[in-house]
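Structure, as structure tokens:
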Amino acid sequence: MTGSPYTLEAAREILLGRRSRTVKTLDALLGVGLLAAGPIGLVTGNPQALALWGWVDQKNELIARFEEAVGAGRDKLRKAAGRQRHEVLAAAHTTLVAGSFFAALRELTGPALAGVHLTASEENWLIDPAKFDGHRSAVSVVQDLLWTEIPLPWAGCGFETNLAGGIRSYYQRLADRCLRYFSGFATWEQTYGPEPANRQLVKQIVERALDRYRAEYKALTAEIPEFQIWALFGEHLAEQNALHRLEQMVATLVGTAQTSSERATIADINRAILTSLVVDLDETAEVTAVRVPSVERGYVEPGFRWAVVDRQSLPSQEGWWRDQAKGTDLASFLAAHFASPQAAERPLVVLGHPGSGKSLLTKICAARLSATDAFTTVRVPLRDVPDPSASVYRQIEDVLRESTHGRVEWSRLCTVSQGRVRVVLIDGLDELMQATGATESRYLSNVMDFQRTEAVTGGPVAVMVTSRTLVADLAAIPRGCLVVMLEEFTDEQIDTWAQRWAEANALGVERGLVRSIDGPGLRAYGELARQPLLLLLLAIVAAERDVPPEENSAALYRMLLDDFVRRELARPDQHPTQLTAEKRRIGEFWKLGVVAFGMLNRGQQHLQERDLSADLHALPDLAAAPAATSRDVGRVLDPARRIVGRFFFVSTSEADSGQGGRSYEFLHATFADFLVAHHTVELLRDAASVLSRPSAFQPWNDDLLFALLSHQLIVGFGSRRIDFVHELAGGEVAVAEVLERLIRESHDRWEQGRHADYQPSERAVTYRIAAYTANLVMLRLAVAGGPVPLGALCPRKLSWPAQVGFWDGMLRESGQFVTFVDAIEIEGDGHASLSHRRHSGYYEDMVALLAGDRARAAALAAGRLLVEGHKPDHLIDHELPGTAQRLALLLLNQFPQAEDLTWAENFDAVAPELHVLAAMAAAGHAAELSGAAADNVVRALADIDSDVARAALATVVSRSPDVSYAALLGGAAPNPMMLRLALFSRQHRE
């Protein structure tokens, strides 16, 4: 069957079979033969047009056939799975909706028309080829009945919402068309009266059909689990336990009972997460009594908002989300989604801020869905993908093989999952952007292509993709996708989390080893307690020490890292050393920073042990320990390894099959962001201190800063590095002065400096100077927290536009510069500041604006639109190019309403670089322009030597009776064309 199961045309054949006797009977009762006759039927007539009168005149046969079709669907769903199940679900629902309409139509009109028959003239009106108006009306009704797609409830549109929207509008349209058709019969009008009475009857039929549909649907929920899930969607349960309700709801779904070692391996890996700890503190047991709950107890479901993406959606903007639907039962929402056929057509996109629990959500979803035979679930952390530029299929294949030690391959898993819906949970699209340096605007469309291919070759695949909210616009979410944003914790959720924490730490509190923490106490820290990750960090620190309520998130990260480094160094198994405790702390903290910089400068979320070894050897030991030799790298790594294995890193010994040793990654990417910001600020403070008291015996240079900050831009897709810098050093004048000095002197650098052996990127020196200066400028803006004069952001003897051109030339190919351009706002008075909004537009326009070339930005924006002849999907939201785009649209759209051009009265309010474009736009409405507006247009176009300008001038003069001679002949020496136009205007008036 190639038709859509959401239409009655395909649904009846899916449920009953194309050659079924019931289908033939149903087609005869519905008048389907009218469509088969096609245009010939309009000429020859067709007796099947009489079938439509039977919709109200017959006994209950039509309704009985619909009930038979729904019953057939119910029987098929007892065994159907995978793709077939999706089709049968949609077909059964479609038939149920249509059957409810005919039942309502019969109940409300049948009794009144019992025993009433069409007259001979009325029958002739239907089938006489000379009088085929009735035939054509009947065809229109049957087309609407058979070909209209009837929406199925799902997470994006729950049962009641679907009923009030899609189903009601379908009934409204069908009832209206049916009654318009029936009103052509004298018999009908004699019974029900003229048109106004019919309108009231339409309302009654719609309401009766909705009531019937609701009752029939609810009756089927006992036998069709998906119907039950969609009906329950939105009902909130007070007790929520790590999406346990998701597992309960999908457990009733039908799947193939066949087992395989591949599915069992994946399920075991997925389910193991539930009993693991939210954070693995086992290695720290000797230095802290703090304990954390298991994932199953510790995960508190957040609230969320959701929407179905359309052309007006702005999912990267917080303001837009405030107007979207709010949900409180994430488990039932996910169940409603994964149980629906729509899940296999487009990805579900889950957005959230750093630390909101997106990754943990994918792990728990994988665990819960693995408990049923209806799904085969695979989790794909994009940070673990060996080749970020690979296809979606290859990314899944690579991660699957690696995570199972080669035991499972995608193709084999698909084979043993026949009859099941495969679910792929892709985590961290923003991290993929950081790895590739590209916006990945095609990634979600590629996911849809992957789903379409799999649907044809192997069955349905549902996909969920997570990403940080900030980069949602760069991801280009396709229309029709369901998008979810995880919200911050409410007071109630913080209290629930605190109760789970108290359970895990009851023994420590009883023994006096851990401080008691409760919900009200945590809520006193405000925003720090609203994000799950920050809440966890806050509890770990507050369980053993005082945390001032006014602290920001950077201070919280610092306290946590400091505490665990100190505890690590207090272990009895530490090697003897002559260094003070403070020097040792600085040294260990620095090694963590080396790891963070190593990840940043390689564009990765993890670091190979081999690379960490090389970095530690190439960079100085800030604790002033003796330098290591090349043979002593193992000793250098040893202290870092202790910290790595005990809290902040996850060791994956299988990475690279031993080629690069172990692979390290932070518990969360924000740890690396903080460490980069912290060490950068500390180095700048050290510089400020040294430079404040210059000494010939203690010279200072920026070699270490250059080594660390010249490989990658520190502003990245969704990164918090700049936020942390502002929290750590915002308003510090000394740091700002150091940065301005470094910027002024940056182009005097001729070599890589003392740390030339530090080569994480192998970039050319020119590229590194560009990256370094861009980073210095970004740091200066972050420290300022407000506008900074452009003159303070340029090297000696180099203008701001030249600086931007240098950056563009060096950094464009790497894809990094777009993040920098997006983060800076250039103001009209020659100042720059950090931008707090996304400029979703063309790269060239944004670079022109960054350079302060507003005229070029306007020309690019308008010219591109005029050349392409259509409105781009993403218009840059700076005021000037936005205005240029709107003016160009006026030109392309044949100048809509005159009131849209009221600004032509006062050209002084229009940016000078837009005068010509504005004049050409206004010229299209010349007849409706006032004299002042017409004069403005003429003056703006008088000296423009182009065919377009001359054509616009001629239009204004010929159509505007109020244009003045002063405007036409203005200037010392009017050109010949203006003289001819003035003469024409004079003759026209006479």
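Following the order of the structure tokens, first chain is A, next is B, and so on, with residues numbered from 1 inside each chain and ligands from 1 in the order they appear.
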
- [ ] Extract, using only C-alpha atoms, all DNA, RNA and protein residues at most 7 Å from region 513-525 of chain A, discarding same-chain residues fewer than 3 positions from it, and format them as a PyMOL selection string.
- [x] chain A and resi 289-290+494-495+498+502+508-509+528-529+543-544+549

Those residues you just picked out, can you put them in a file as a CSV table (one decimal), in the first residue's frame with all heavy atoms?
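The result, stored in result-v3.csv:
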chain,number,residue,atom,x,y,z
A,289,ALA,N,33.4,11.9,53.2
A,289,ALA,CA,32.3,11.0,53.6
A,289,ALA,C,31.0,11.3,52.8
A,289,ALA,O,30.0,10.6,53.0
A,289,ALA,CB,32.0,11.2,55.1
A,290,VAL,N,31.1,12.2,51.9
A,290,VAL,CA,29.9,12.6,51.1
A,290,VAL,C,29.6,11.4,50.2
A,290,VAL,O,30.5,10.8,49.6
A,290,VAL,CB,30.2,13.8,50.3
A,290,VAL,CG1,29.1,14.1,49.3
A,290,VAL,CG2,30.4,15.0,51.2
A,494,ILE,N,13.6,21.0,43.7
A,494,ILE,CA,14.8,21.1,44.6
A,494,ILE,C,14.5,20.3,45.9
A,494,ILE,O,15.4,19.6,46.4
A,494,ILE,CB,15.1,22.6,44.8
A,494,ILE,CG1,15.5,23.3,43.5
A,494,ILE,CG2,16.2,22.7,45.9
A,494,ILE,CD1,15.7,24.8,43.7
A,495,ASP,N,13.3,20.5,46.4
A,495,ASP,CA,13.0,19.7,47.7
A,495,ASP,C,13.1,18.2,47.5
A,495,ASP,O,13.6,17.5,48.3
A,495,ASP,CB,11.6,20.2,48.2
A,495,ASP,CG,11.6,21.6,48.7
A,495,ASP,OD1,12.7,22.2,48.9
A,495,ASP,OD2,10.5,22.1,48.8
A,498,ALA,N,16.7,17.2,47.3
A,498,ALA,CA,17.3,17.2,48.6
A,498,ALA,C,16.9,16.0,49.4
A,498,ALA,O,17.7,15.5,50.2
A,498,ALA,CB,16.9,18.5,49.3
A,502,ALA,N,19.5,13.4,51.0
A,502,ALA,CA,19.5,13.1,52.4
A,502,ALA,C,19.5,11.6,52.7
A,502,ALA,O,20.1,11.1,53.6
A,502,ALA,CB,18.3,13.7,53.1
A,508,GLY,N,26.3,9.4,57.1
A,508,GLY,CA,27.3,10.4,57.3
A,508,GLY,C,26.8,11.5,58.2
A,508,GLY,O,27.6,12.0,59.0
A,509,VAL,N,25.6,11.9,58.0
A,509,VAL,CA,25.0,13.0,58.9
A,509,VAL,C,24.9,12.5,60.3
A,509,VAL,O,25.2,13.2,61.3
A,509,VAL,CB,23.6,13.4,58.3
A,509,VAL,CG1,22.9,14.3,59.3
A,509,VAL,CG2,23.8,14.1,57.0
A,528,LEU,N,22.0,29.1,41.5
A,528,LEU,CA,22.9,28.0,41.6
A,528,LEU,C,22.2,26.7,41.8
A,528,LEU,O,22.7,25.6,41.5
A,528,LEU,CB,23.9,28.2,42.7
A,528,LEU,CG,25.0,29.3,42.4
A,528,LEU,CD1,25.9,29.4,43.6
A,528,LEU,CD2,25.8,29.0,41.2
A,529,ALA,N,21.0,26.7,42.5
A,529,ALA,CA,20.3,25.5,42.8
A,529,ALA,C,19.3,25.1,41.8
A,529,ALA,O,18.6,24.1,41.9
A,529,ALA,CB,19.6,25.7,44.2
A,543,ALA,N,28.0,20.2,51.8
A,543,ALA,CA,28.0,19.1,52.8
A,543,ALA,C,29.2,19.1,53.7
A,543,ALA,O,29.1,18.4,54.8
A,543,ALA,CB,27.9,17.8,52.1
A,544,GLU,N,30.2,19.9,53.4
A,544,GLU,CA,31.4,19.8,54.2
A,544,GLU,C,31.9,21.2,54.6
A,544,GLU,O,32.9,21.3,55.4
A,544,GLU,CB,32.5,19.0,53.5
A,544,GLU,CG,32.2,17.6,53.4
A,544,GLU,CD,33.3,16.8,52.8
A,544,GLU,OE1,34.0,17.2,51.9
A,544,GLU,OE2,33.6,15.7,53.4
A,549,PRO,N,26.0,32.5,50.3
A,549,PRO,CA,24.9,32.6,49.4
A,549,PRO,C,25.1,33.5,48.2
A,549,PRO,O,24.5,33.2,47.1
A,549,PRO,CB,23.7,33.1,50.2
A,549,PRO,CG,24.1,32.8,51.6
A,549,PRO,CD,25.5,32.9,51.7

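Every protein, DNA or RNA residue with an atom at most 9 Å from Glu409 (chain A), where only C-alpha atoms count and chain neighbours fewer than 4 positions away do not, is listed here: Glu262, Glu397, Asp398, Leu400, Arg401, Thr404, Leu413 and Cys414 of chain A.
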
- [ ] For CA of Gln317 (chain A) and CA of Asp822 (chain A), determine how far apart the two atoms are, in Å to one decimal place.
- [x]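 We find that CA of Gln317 (chain A) and CA of Asp822 (chain A) lie 14.5 Å from each other.
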
Task: Separation of CA of Phe666 (chain A) from CA of Ser814 (chain A) in Å - done: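 Here the two named atoms are 25.0 Å from each other.
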
- [ ] Record the distance separating CA of Lys326 (chain A) and CA of Leu444 (chain A), expressed in Å with one decimal.
- [x]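 Pair CA of Lys326 (chain A) / CA of Leu444 (chain A) returns 24.0 Å.
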
Open item on the list: DSSP on the backbone, strand (DSSP E) only: what residues of region 379-438 of chain A does that give? Format it as a list in words.
Closed with: Arg379, Val380, Pro381, Val421, Arg422, Val423, Val424, Leu425, Ile426 and Asp427 of chain A

Emit the selected residues as a PDB file, in the first residue's frame, including N, CA, C and O atoms.
ATOM      1  N   ARG A 379      22.429   4.433  22.250  1.00  0.00           N
ATOM      2  CA  ARG A 379      22.813   5.802  22.628  1.00  0.00           C
ATOM      3  C   ARG A 379      24.119   6.167  21.934  1.00  0.00           C
ATOM      4  O   ARG A 379      25.083   5.397  21.938  1.00  0.00           O
ATOM      5  N   VAL A 380      24.160   7.370  21.339  1.00  0.00           N
ATOM      6  CA  VAL A 380      25.328   7.809  20.573  1.00  0.00           C
ATOM      7  C   VAL A 380      25.808   9.159  21.116  1.00  0.00           C
ATOM      8  O   VAL A 380      25.300  10.219  20.727  1.00  0.00           O
ATOM      9  N   PRO A 381      26.777   9.161  22.054  1.00  0.00           N
ATOM     10  CA  PRO A 381      27.367  10.431  22.498  1.00  0.00           C
ATOM     11  C   PRO A 381      28.288  10.966  21.400  1.00  0.00           C
ATOM     12  O   PRO A 381      29.277  10.329  21.040  1.00  0.00           O
ATOM     13  N   VAL A 421      10.775  -1.165  16.845  1.00  0.00           N
ATOM     14  CA  VAL A 421      11.186   0.197  16.521  1.00  0.00           C
ATOM     15  C   VAL A 421      12.577   0.413  17.109  1.00  0.00           C
ATOM     16  O   VAL A 421      12.794   0.190  18.303  1.00  0.00           O
ATOM     17  N   ARG A 422      13.509   0.798  16.273  1.00  0.00           N
ATOM     18  CA  ARG A 422      14.847   1.114  16.767  1.00  0.00           C
ATOM     19  C   ARG A 422      14.870   2.579  17.202  1.00  0.00           C
ATOM     20  O   ARG A 422      14.332   3.444  16.508  1.00  0.00           O
ATOM     21  N   VAL A 423      15.470   2.845  18.323  1.00  0.00           N
ATOM     22  CA  VAL A 423      15.559   4.198  18.868  1.00  0.00           C
ATOM     23  C   VAL A 423      17.033   4.575  18.971  1.00  0.00           C
ATOM     24  O   VAL A 423      17.831   3.835  19.548  1.00  0.00           O
ATOM     25  N   VAL A 424      17.390   5.707  18.392  1.00  0.00           N
ATOM     26  CA  VAL A 424      18.758   6.210  18.451  1.00  0.00           C
ATOM     27  C   VAL A 424      18.739   7.521  19.226  1.00  0.00           C
ATOM     28  O   VAL A 424      18.044   8.465  18.842  1.00  0.00           O
ATOM     29  N   LEU A 425      19.476   7.566  20.316  1.00  0.00           N
ATOM     30  CA  LEU A 425      19.550   8.747  21.177  1.00  0.00           C
ATOM     31  C   LEU A 425      20.902   9.412  20.958  1.00  0.00           C
ATOM     32  O   LEU A 425      21.935   8.913  21.414  1.00  0.00           O
ATOM     33  N   ILE A 426      20.907  10.521  20.229  1.00  0.00           N
ATOM     34  CA  ILE A 426      22.144  11.213  19.850  1.00  0.00           C
ATOM     35  C   ILE A 426      22.355  12.373  20.814  1.00  0.00           C
ATOM     36  O   ILE A 426      21.534  13.289  20.883  1.00  0.00           O
ATOM     37  N   ASP A 427      23.459  12.334  21.537  1.00  0.00           N
ATOM     38  CA  ASP A 427      23.688  13.305  22.605  1.00  0.00           C
ATOM     39  C   ASP A 427      24.814  14.270  22.249  1.00  0.00           C
ATOM     40  O   ASP A 427      25.911  13.851  21.912  1.00  0.00           O
TER      41      ASP A 427
END

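Between Val295 (chain A) and the residues A:Ile769, A:Leu474, A:Cys178, A:Ala504, the shortest atom-to-atom distance, using only C-alpha atoms, involves A:Ala504.
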
Task: DSSP-assigned helix (DSSP H, G or I) among region 451-650 of chain A, expressed as JSON, numbers by chain - done: {"A": [451, 452, 453, 454, 455, 456, 457, 469, 470, 471, 491, 492, 493, 494, 495, 496, 497, 498, 499, 500, 501, 502, 503, 504, 506, 507, 508, 509, 510, 519, 520, 521, 522, 523, 526, 527, 528, 529, 532, 533, 534, 535, 536, 537, 538, 539, 540, 541, 542, 553, 554, 555, 556, 557, 558, 559, 560, 561, 562, 563, 564, 565, 566, 567, 568, 569, 581, 582, 583, 584, 585, 586, 587, 588, 589, 590, 591, 592, 593, 594, 595, 596, 597, 598, 599, 600, 601, 602, 609, 610, 611, 612, 613, 614, 615, 616, 617, 618, 630, 631, 632, 633, 634, 635, 636, 637, 638, 639, 640, 641, 642, 643, 644, 645, 646, 647, 648]}

Open item on the list: Given only C-alpha atoms as the basis, pick out the residue of A:Leu850, A:Met599, A:Leu953, A:Ala92 nearest to Ala919 (chain A).
Closed with: A:Leu953

- [ ] Might you pull out every residue within 8 Å of region 700-713 of chain A, with only C-alpha atoms counted and same-chain residues fewer than 3 positions away left off, and present them as a PyMOL selection string?
- [x] chain A and resi 597+600-603+680+683+687+690-691+716+742+752-756+758+760-761+763+767-772+774-775+816-817+820

TODO: May I have the residues within 8 Å of Lys363 (chain A) as a PyMOL selection string, using only C-alpha atoms and disregarding those fewer than 3 positions away in the same chain?
DONE: chain A and resi 270+273+359-360+366-367+379
